[in-house]
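To keep things clear, I will list the structure first and then write my remarks on it.
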Amino acid sequence: MSLFKAFEIAASGVTAQSQRLNATASNLANADSAAGPGGKAYQARQVVFQTAQLDPKDGRVQGVKVQGVIEDASVPRRVHDPRHPLADDTGYVTLPNVNVAEEMVNMLSASRSYQSNLEVMNTTKNLLLKTLSLGS
Amino acid sequence: MTPITAGKLDKELGVQSAALVLRMQRVQLIASNIANADTPGYKAVDFDFSKALRAATGDSSARAVTPAAVEPSLTAPGHQTGSRSAYAGLSTDYRTLYRTPAQPSADANSVDMDLERARFAENSVKYEAALKFLNGKIKTLLSAIQG
């Protein structure tokens, strides 16, 4: 029954969006983890979405999947703070390249999309239950 | 492929059951659009419901929209057929069309979330309507059988 496939599609959306939310949470949590002279600063992580063929026989059934997690290659933040224990010889501390404003927008977008997918699931469930009671 | 209006019972339930199957498939398509709202390069799809329903119920004027009529020609061995696969056993095949986006987006994704949610709600209400009609017909048949 193709309504179950609608379930699968919405579930793939929910999974993908929650992974995106996870990446955002990790980025925000590490937004200020300073790195010492030798250590590398935390790099922001971003998930990449891709359409996923859920049914090999029907190309119209397209879910979504996380193709991979990439590390943001932009330059880390450098803050001049000679009193910081992790400051290097020049007095600079390396901070992660997390853009907090961007991450907040990402988080909002992910949670909205998550909600929409859940709504699809709920409606589909209601339709399925009504279909089950057909003729009674 | 056996057409959906085959037996006498099927004929009785004909249009509504075909409508139900098509509505179900539309739920799937719109769910795909919503799931891929953030996928770069994804193009939102839908189909012309009334044309698909006419084709499913055997209206000859609607035959022209079925994929066979617009199949692209294969001129080299590497070419693939352009039509998207049909549902086995059902003549409720339809041709998916891409939506025209109201505004362009930076990642070439053409899903308009508000529009898709509205279409999804509309489609599920109409699915329930078809279900109700079908229920009524089944009840009529049952009362005719049981007296």
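Following the order of the structure tokens, chains are lettered A, B, ..., residues in each are numbered from 1, and ligands are numbered from 1.
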
Write down, as a PyMOL selection string, each residue of chain B that has any atom within 9 Å of an atom of chain A, counting only C-alpha atoms.
chain B and resi 21+24-25+27-42+45+84-87+96+113+117+120-121+124+127-128+131-132+134-139+142

With C-alpha atoms kept, could you save the residues just selected as a CSV table (one decimal), in the first residue's frame?
```
chain,number,residue,atom,x,y,z
B,21,VAL,CA,-5.5,5.1,-5.5
B,24,MET,CA,-2.8,7.8,-2.2
B,25,GLN,CA,-0.1,8.3,-4.8
B,27,VAL,CA,0.1,11.8,-0.8
B,28,GLN,CA,3.4,10.0,-1.6
B,29,LEU,CA,4.5,12.6,-4.1
B,30,ILE,CA,3.8,15.5,-1.8
B,31,ALA,CA,5.4,13.7,1.1
B,32,SER,CA,8.5,13.4,-1.1
B,33,ASN,CA,8.4,17.2,-1.7
B,34,ILE,CA,8.1,18.0,2.0
B,35,ALA,CA,10.9,15.5,2.9
B,36,ASN,CA,13.2,17.1,0.3
B,37,ALA,CA,12.4,20.7,1.2
B,38,ASP,CA,16.1,21.2,2.2
B,39,THR,CA,17.8,19.0,-0.4
B,40,PRO,CA,19.9,21.2,-2.8
B,41,GLY,CA,18.8,20.9,-6.5
B,42,TYR,CA,15.5,18.9,-5.7
B,45,VAL,CA,6.8,17.3,-8.5
B,84,ARG,CA,8.9,6.8,-15.3
B,85,SER,CA,7.9,3.3,-14.3
B,86,ALA,CA,4.3,2.4,-14.0
B,87,TYR,CA,2.6,0.8,-11.1
B,96,THR,CA,4.7,13.6,-13.0
B,113,MET,CA,6.9,24.5,1.9
B,117,ARG,CA,1.6,21.8,3.1
B,120,PHE,CA,-1.1,18.0,1.3
B,121,ALA,CA,-4.0,19.1,3.5
B,124,SER,CA,-5.9,14.3,2.4
B,127,TYR,CA,-8.8,11.3,0.1
B,128,GLU,CA,-11.2,11.2,3.0
B,131,LEU,CA,-13.2,7.1,1.2
B,132,LYS,CA,-16.6,8.4,2.4
B,134,LEU,CA,-16.7,4.4,-1.3
B,135,ASN,CA,-18.0,3.6,2.2
B,136,GLY,CA,-21.5,4.8,1.1
B,137,LYS,CA,-21.4,2.6,-2.0
B,138,ILE,CA,-20.2,-0.4,0.0
B,139,LYS,CA,-23.0,0.1,2.5
B,142,LEU,CA,-24.3,-4.6,1.6
```

Considering only helix (DSSP H, G or I) as DSSP defines it on the backbone, what residues of chain A qualify? List them as a PyMOL selection string.
chain A and resi 2-29+100-132

How about saving the chosen residues, C-alpha atoms kept, as a JSON list (two decimals), in the first residue's frame?
```json
[["chain", "number", "residue", "atom", "x", "y", "z"],
["A", 2, "SER", "CA", 1.49, 3.26, -1.04],
["A", 3, "LEU", "CA", 0.41, 5.12, 2.08],
["A", 4, "PHE", "CA", 3.06, 3.15, 3.95],
["A", 5, "LYS", "CA", 5.58, 4.55, 1.53],
["A", 6, "ALA", "CA", 4.47, 8.06, 2.43],
["A", 7, "PHE", "CA", 5.33, 7.03, 5.99],
["A", 8, "GLU", "CA", 8.78, 5.92, 4.92],
["A", 9, "ILE", "CA", 9.36, 9.16, 3.06],
["A", 10, "ALA", "CA", 8.34, 11.27, 6.05],
["A", 11, "ALA", "CA", 10.46, 9.08, 8.34],
["A", 12, "SER", "CA", 13.50, 9.61, 6.11],
["A", 13, "GLY", "CA", 12.86, 13.35, 6.34],
["A", 14, "VAL", "CA", 12.60, 13.26, 10.12],
["A", 15, "THR", "CA", 15.83, 11.25, 10.40],
["A", 16, "ALA", "CA", 17.73, 13.57, 8.09],
["A", 17, "GLN", "CA", 16.51, 16.69, 9.86],
["A", 18, "SER", "CA", 17.38, 15.30, 13.27],
["A", 19, "GLN", "CA", 20.91, 14.60, 12.05],
["A", 20, "ARG", "CA", 21.11, 18.19, 10.91],
["A", 21, "LEU", "CA", 19.88, 19.30, 14.33],
["A", 22, "ASN", "CA", 22.55, 17.12, 15.91],
["A", 23, "ALA", "CA", 25.30, 18.74, 13.85],
["A", 24, "THR", "CA", 23.98, 22.18, 14.80],
["A", 25, "ALA", "CA", 23.92, 21.24, 18.49],
["A", 26, "SER", "CA", 27.49, 20.01, 18.27],
["A", 27, "ASN", "CA", 28.58, 23.22, 16.52],
["A", 28, "LEU", "CA", 26.88, 25.47, 19.04],
["A", 29, "ALA", "CA", 28.24, 23.51, 21.99],
["A", 100, "VAL", "CA", 26.61, 31.25, 15.74],
["A", 101, "ALA", "CA", 24.02, 33.29, 13.81],
["A", 102, "GLU", "CA", 24.18, 30.86, 10.90],
["A", 103, "GLU", "CA", 23.81, 27.90, 13.26],
["A", 104, "MET", "CA", 20.74, 29.42, 14.91],
["A", 105, "VAL", "CA", 19.11, 29.89, 11.50],
["A", 106, "ASN", "CA", 20.06, 26.31, 10.62],
["A", 107, "MET", "CA", 18.50, 25.07, 13.84],
["A", 108, "LEU", "CA", 15.22, 26.91, 13.22],
["A", 109, "SER", "CA", 15.04, 25.67, 9.65],
["A", 110, "ALA", "CA", 15.74, 22.09, 10.72],
["A", 111, "SER", "CA", 13.11, 22.12, 13.44],
["A", 112, "ARG", "CA", 10.47, 23.57, 11.10],
["A", 113, "SER", "CA", 11.20, 20.91, 8.49],
["A", 114, "TYR", "CA", 11.14, 18.24, 11.21],
["A", 115, "GLN", "CA", 7.69, 19.43, 12.27],
["A", 116, "SER", "CA", 6.37, 19.41, 8.72],
["A", 117, "ASN", "CA", 7.54, 15.84, 8.23],
["A", 118, "LEU", "CA", 5.90, 14.82, 11.48],
["A", 119, "GLU", "CA", 2.68, 16.44, 10.34],
["A", 120, "VAL", "CA", 2.82, 14.38, 7.16],
["A", 121, "MET", "CA", 3.26, 11.25, 9.28],
["A", 122, "ASN", "CA", 0.33, 12.11, 11.53],
["A", 123, "THR", "CA", -2.02, 12.86, 8.64],
["A", 124, "THR", "CA", -0.94, 9.70, 6.82],
["A", 125, "LYS", "CA", -1.57, 7.67, 9.96],
["A", 126, "ASN", "CA", -5.09, 9.07, 10.23],
["A", 127, "LEU", "CA", -5.78, 8.32, 6.57],
["A", 128, "LEU", "CA", -4.49, 4.77, 7.00],
["A", 129, "LEU", "CA", -6.66, 4.14, 10.04],
["A", 130, "LYS", "CA", -9.69, 5.49, 8.22],
["A", 131, "THR", "CA", -8.90, 3.27, 5.24],
["A", 132, "LEU", "CA", -8.67, 0.26, 7.52]]
```

Determine the nearest neighbour of Arg54 of chain B from the options B:Gly147, B:Pro104, B:Gly14, B:Gly78, counting only C-alpha atoms.
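For Arg54 of chain B, the nearest of the given residues is B:Gly14.
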
So that I can check the surroundings of segment 77-82 of chain A, please list as an MDAnalysis selection string every protein, DNA and RNA residue that reaches within 10 Å of it, counting only C-alpha atoms and ignoring chain neighbours fewer than 6 positions away.
chainID A and resid 32 34 41 88:99

Write the residues of the preceding selection, restricted to C-alpha atoms, as a PDB file, in the first residue's frame.
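The resulting part.pdb:
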```
ATOM      1  CA  ASP A  32      33.946  28.636  22.070  1.00  0.00           C
ATOM      2  CA  ALA A  34      39.587  27.233  22.364  1.00  0.00           C
ATOM      3  CA  ALA A  41      40.495  24.189  16.682  1.00  0.00           C
ATOM      4  CA  ASP A  88      50.373  31.087  21.312  1.00  0.00           C
ATOM      5  CA  ASP A  89      53.664  33.051  21.171  1.00  0.00           C
ATOM      6  CA  THR A  90      52.027  36.019  19.482  1.00  0.00           C
ATOM      7  CA  GLY A  91      49.292  36.171  22.106  1.00  0.00           C
ATOM      8  CA  TYR A  92      46.509  34.846  19.893  1.00  0.00           C
ATOM      9  CA  VAL A  93      44.011  32.118  20.778  1.00  0.00           C
ATOM     10  CA  THR A  94      42.449  30.038  18.008  1.00  0.00           C
ATOM     11  CA  LEU A  95      38.701  29.623  18.292  1.00  0.00           C
ATOM     12  CA  PRO A  96      36.433  27.411  16.142  1.00  0.00           C
ATOM     13  CA  ASN A  97      35.024  28.702  12.852  1.00  0.00           C
ATOM     14  CA  VAL A  98      31.439  28.274  14.055  1.00  0.00           C
ATOM     15  CA  ASN A  99      29.138  31.066  12.918  1.00  0.00           C
TER      16      ASN A  99
END
```

re atom CA of Arg99 of chain B and atom CA of Gln67 of chain A: distance 25.0 Å

Just checking: using only C-alpha atoms, which residue out of B:Arg119, B:Ser17, B:Leu9, B:Pro101 ends up closest to Phe133 of chain B?
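Among the listed residues, B:Ser17 lies closest to Phe133 of chain B.
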
Rounded to one decimal, what separation in Å do you get between atom CA of Gln103 of chain B and atom CA of Gln46 of chain A?
25.5 Å

Quick one, how far is atom CA of Leu20 of chain B from atom CA of Asp46 of chain B?
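We find that atom CA of Leu20 of chain B and atom CA of Asp46 of chain B lie 16.1 Å from each other.
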
Which residue of B:Tyr94, B:Glu12, B:Arg26, B:Asn109 approaches Leu53 of chain B most closely, using only C-alpha atoms
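Ranked by minimum distance to Leu53 of chain B, first place goes to B:Tyr94.
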
Close residues, Ser50 of chain B itself excluded, 10 Å, only C-alpha atoms, min 4 positions apart in chain, as number ranges by chain
B: 19, 22, 54-56, 62

From the DSSP assignment of the backbone, select every residue of chain A that is strand (DSSP E), and format the answer as a PDB file with N, CA, C and O atoms, in the first residue's frame.
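Below you can see out.pdb, which holds the result:
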```
ATOM      1  N   ARG A  45      30.668  21.485  11.624  1.00  0.00           N
ATOM      2  CA  ARG A  45      30.241  20.366  10.778  1.00  0.00           C
ATOM      3  C   ARG A  45      28.912  20.696  10.132  1.00  0.00           C
ATOM      4  O   ARG A  45      28.031  21.261  10.777  1.00  0.00           O
ATOM      5  N   GLN A  46      28.785  20.325   8.879  1.00  0.00           N
ATOM      6  CA  GLN A  46      27.521  20.549   8.166  1.00  0.00           C
ATOM      7  C   GLN A  46      27.108  19.256   7.487  1.00  0.00           C
ATOM      8  O   GLN A  46      27.944  18.569   6.902  1.00  0.00           O
ATOM      9  N   VAL A  47      25.822  18.929   7.567  1.00  0.00           N
ATOM     10  CA  VAL A  47      25.350  17.723   6.879  1.00  0.00           C
ATOM     11  C   VAL A  47      24.953  18.098   5.451  1.00  0.00           C
ATOM     12  O   VAL A  47      24.550  19.225   5.187  1.00  0.00           O
ATOM     13  N   VAL A  48      25.103  17.138   4.530  1.00  0.00           N
ATOM     14  CA  VAL A  48      24.732  17.361   3.134  1.00  0.00           C
ATOM     15  C   VAL A  48      23.575  16.429   2.800  1.00  0.00           C
ATOM     16  O   VAL A  48      23.688  15.207   2.968  1.00  0.00           O
ATOM     17  N   PHE A  49      22.472  16.998   2.356  1.00  0.00           N
ATOM     18  CA  PHE A  49      21.287  16.202   2.020  1.00  0.00           C
ATOM     19  C   PHE A  49      21.315  15.749   0.570  1.00  0.00           C
ATOM     20  O   PHE A  49      21.850  16.429  -0.294  1.00  0.00           O
ATOM     21  N   GLN A  50      20.686  14.590   0.365  1.00  0.00           N
ATOM     22  CA  GLN A  50      20.600  14.062  -0.999  1.00  0.00           C
ATOM     23  C   GLN A  50      19.281  13.310  -1.111  1.00  0.00           C
ATOM     24  O   GLN A  50      18.825  12.720  -0.116  1.00  0.00           O
ATOM     25  N   THR A  51      18.666  13.294  -2.305  1.00  0.00           N
ATOM     26  CA  THR A  51      17.444  12.508  -2.445  1.00  0.00           C
ATOM     27  C   THR A  51      17.819  11.033  -2.405  1.00  0.00           C
ATOM     28  O   THR A  51      18.882  10.635  -2.873  1.00  0.00           O
ATOM     29  N   ALA A  52      16.914  10.215  -1.828  1.00  0.00           N
ATOM     30  CA  ALA A  52      17.169   8.779  -1.712  1.00  0.00           C
ATOM     31  C   ALA A  52      16.023   8.029  -2.363  1.00  0.00           C
ATOM     32  O   ALA A  52      14.864   8.292  -2.072  1.00  0.00           O
ATOM     33  N   GLN A  53      16.375   7.115  -3.252  1.00  0.00           N
ATOM     34  CA  GLN A  53      15.361   6.295  -3.907  1.00  0.00           C
ATOM     35  C   GLN A  53      14.917   5.215  -2.921  1.00  0.00           C
ATOM     36  O   GLN A  53      15.704   4.346  -2.573  1.00  0.00           O
ATOM     37  N   GLN A  62      10.633   9.352  -3.554  1.00  0.00           N
ATOM     38  CA  GLN A  62      11.947   9.868  -3.208  1.00  0.00           C
ATOM     39  C   GLN A  62      11.976  10.386  -1.789  1.00  0.00           C
ATOM     40  O   GLN A  62      11.273  11.335  -1.446  1.00  0.00           O
ATOM     41  N   GLY A  63      12.779   9.741  -0.971  1.00  0.00           N
ATOM     42  CA  GLY A  63      12.992  10.221   0.381  1.00  0.00           C
ATOM     43  C   GLY A  63      14.231  11.093   0.398  1.00  0.00           C
ATOM     44  O   GLY A  63      14.690  11.538  -0.653  1.00  0.00           O
ATOM     45  N   VAL A  64      14.750  11.304   1.582  1.00  0.00           N
ATOM     46  CA  VAL A  64      15.954  12.121   1.687  1.00  0.00           C
ATOM     47  C   VAL A  64      16.916  11.402   2.622  1.00  0.00           C
ATOM     48  O   VAL A  64      16.490  10.655   3.510  1.00  0.00           O
ATOM     49  N   LYS A  65      18.197  11.554   2.349  1.00  0.00           N
ATOM     50  CA  LYS A  65      19.180  10.946   3.255  1.00  0.00           C
ATOM     51  C   LYS A  65      20.364  11.892   3.420  1.00  0.00           C
ATOM     52  O   LYS A  65      20.552  12.808   2.609  1.00  0.00           O
ATOM     53  N   VAL A  66      21.121  11.652   4.473  1.00  0.00           N
ATOM     54  CA  VAL A  66      22.311  12.464   4.685  1.00  0.00           C
ATOM     55  C   VAL A  66      23.445  11.808   3.921  1.00  0.00           C
ATOM     56  O   VAL A  66      23.841  10.689   4.209  1.00  0.00           O
ATOM     57  N   GLN A  67      23.917  12.513   2.899  1.00  0.00           N
ATOM     58  CA  GLN A  67      24.959  11.960   2.045  1.00  0.00           C
ATOM     59  C   GLN A  67      26.285  11.909   2.793  1.00  0.00           C
ATOM     60  O   GLN A  67      27.086  11.010   2.617  1.00  0.00           O
ATOM     61  N   GLY A  68      26.508  12.874   3.652  1.00  0.00           N
ATOM     62  CA  GLY A  68      27.752  12.891   4.404  1.00  0.00           C
ATOM     63  C   GLY A  68      27.815  14.116   5.295  1.00  0.00           C
ATOM     64  O   GLY A  68      26.970  14.996   5.206  1.00  0.00           O
ATOM     65  N   VAL A  69      28.801  14.113   6.168  1.00  0.00           N
ATOM     66  CA  VAL A  69      29.000  15.274   7.039  1.00  0.00           C
ATOM     67  C   VAL A  69      30.317  15.910   6.628  1.00  0.00           C
ATOM     68  O   VAL A  69      31.349  15.242   6.583  1.00  0.00           O
ATOM     69  N   ILE A  70      30.259  17.181   6.272  1.00  0.00           N
ATOM     70  CA  ILE A  70      31.497  17.844   5.843  1.00  0.00           C
ATOM     71  C   ILE A  70      31.983  18.779   6.951  1.00  0.00           C
ATOM     72  O   ILE A  70      31.193  19.255   7.765  1.00  0.00           O
ATOM     73  N   GLU A  71      33.281  19.000   6.962  1.00  0.00           N
ATOM     74  CA  GLU A  71      33.842  19.952   7.926  1.00  0.00           C
ATOM     75  C   GLU A  71      34.035  21.278   7.222  1.00  0.00           C
ATOM     76  O   GLU A  71      34.597  21.335   6.127  1.00  0.00           O
ATOM     77  N   ARG A  77      38.523  31.466  13.900  1.00  0.00           N
ATOM     78  CA  ARG A  77      38.589  32.798  14.509  1.00  0.00           C
ATOM     79  C   ARG A  77      39.880  32.908  15.326  1.00  0.00           C
ATOM     80  O   ARG A  77      40.267  31.975  16.009  1.00  0.00           O
ATOM     81  N   ARG A  78      40.535  34.059  15.252  1.00  0.00           N
ATOM     82  CA  ARG A  78      41.748  34.270  16.064  1.00  0.00           C
ATOM     83  C   ARG A  78      41.483  35.471  16.959  1.00  0.00           C
ATOM     84  O   ARG A  78      41.123  36.544  16.487  1.00  0.00           O
ATOM     85  N   VAL A  79      41.629  35.250  18.240  1.00  0.00           N
ATOM     86  CA  VAL A  79      41.356  36.335  19.184  1.00  0.00           C
ATOM     87  C   VAL A  79      42.634  36.669  19.955  1.00  0.00           C
ATOM     88  O   VAL A  79      43.340  35.761  20.422  1.00  0.00           O
ATOM     89  N   HIS A  80      42.929  37.955  20.051  1.00  0.00           N
ATOM     90  CA  HIS A  80      44.124  38.372  20.778  1.00  0.00           C
ATOM     91  C   HIS A  80      43.821  38.408  22.271  1.00  0.00           C
ATOM     92  O   HIS A  80      43.013  39.210  22.723  1.00  0.00           O
ATOM     93  N   TYR A  92      47.812  35.124  20.497  1.00  0.00           N
ATOM     94  CA  TYR A  92      46.509  34.846  19.893  1.00  0.00           C
ATOM     95  C   TYR A  92      45.968  33.479  20.312  1.00  0.00           C
ATOM     96  O   TYR A  92      46.726  32.526  20.446  1.00  0.00           O
ATOM     97  N   VAL A  93      44.670  33.390  20.490  1.00  0.00           N
ATOM     98  CA  VAL A  93      44.011  32.118  20.778  1.00  0.00           C
ATOM     99  C   VAL A  93      43.178  31.747  19.561  1.00  0.00           C
ATOM    100  O   VAL A  93      42.520  32.612  18.972  1.00  0.00           O
ATOM    101  N   THR A  94      43.242  30.491  19.160  1.00  0.00           N
ATOM    102  CA  THR A  94      42.449  30.038  18.008  1.00  0.00           C
ATOM    103  C   THR A  94      41.103  29.514  18.488  1.00  0.00           C
ATOM    104  O   THR A  94      41.056  28.618  19.332  1.00  0.00           O
ATOM    105  N   LEU A  95      40.053  30.065  17.933  1.00  0.00           N
ATOM    106  CA  LEU A  95      38.701  29.623  18.292  1.00  0.00           C
ATOM    107  C   LEU A  95      38.037  28.976  17.077  1.00  0.00           C
ATOM    108  O   LEU A  95      38.414  29.254  15.945  1.00  0.00           O
TER     109      LEU A  95
END
```

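With only C-alpha atoms as the atoms that count, the residue of B:Thr75, B:Gln146, B:Gln16, B:Thr100 with the shortest distance to Asp112 of chain B is B:Thr100.
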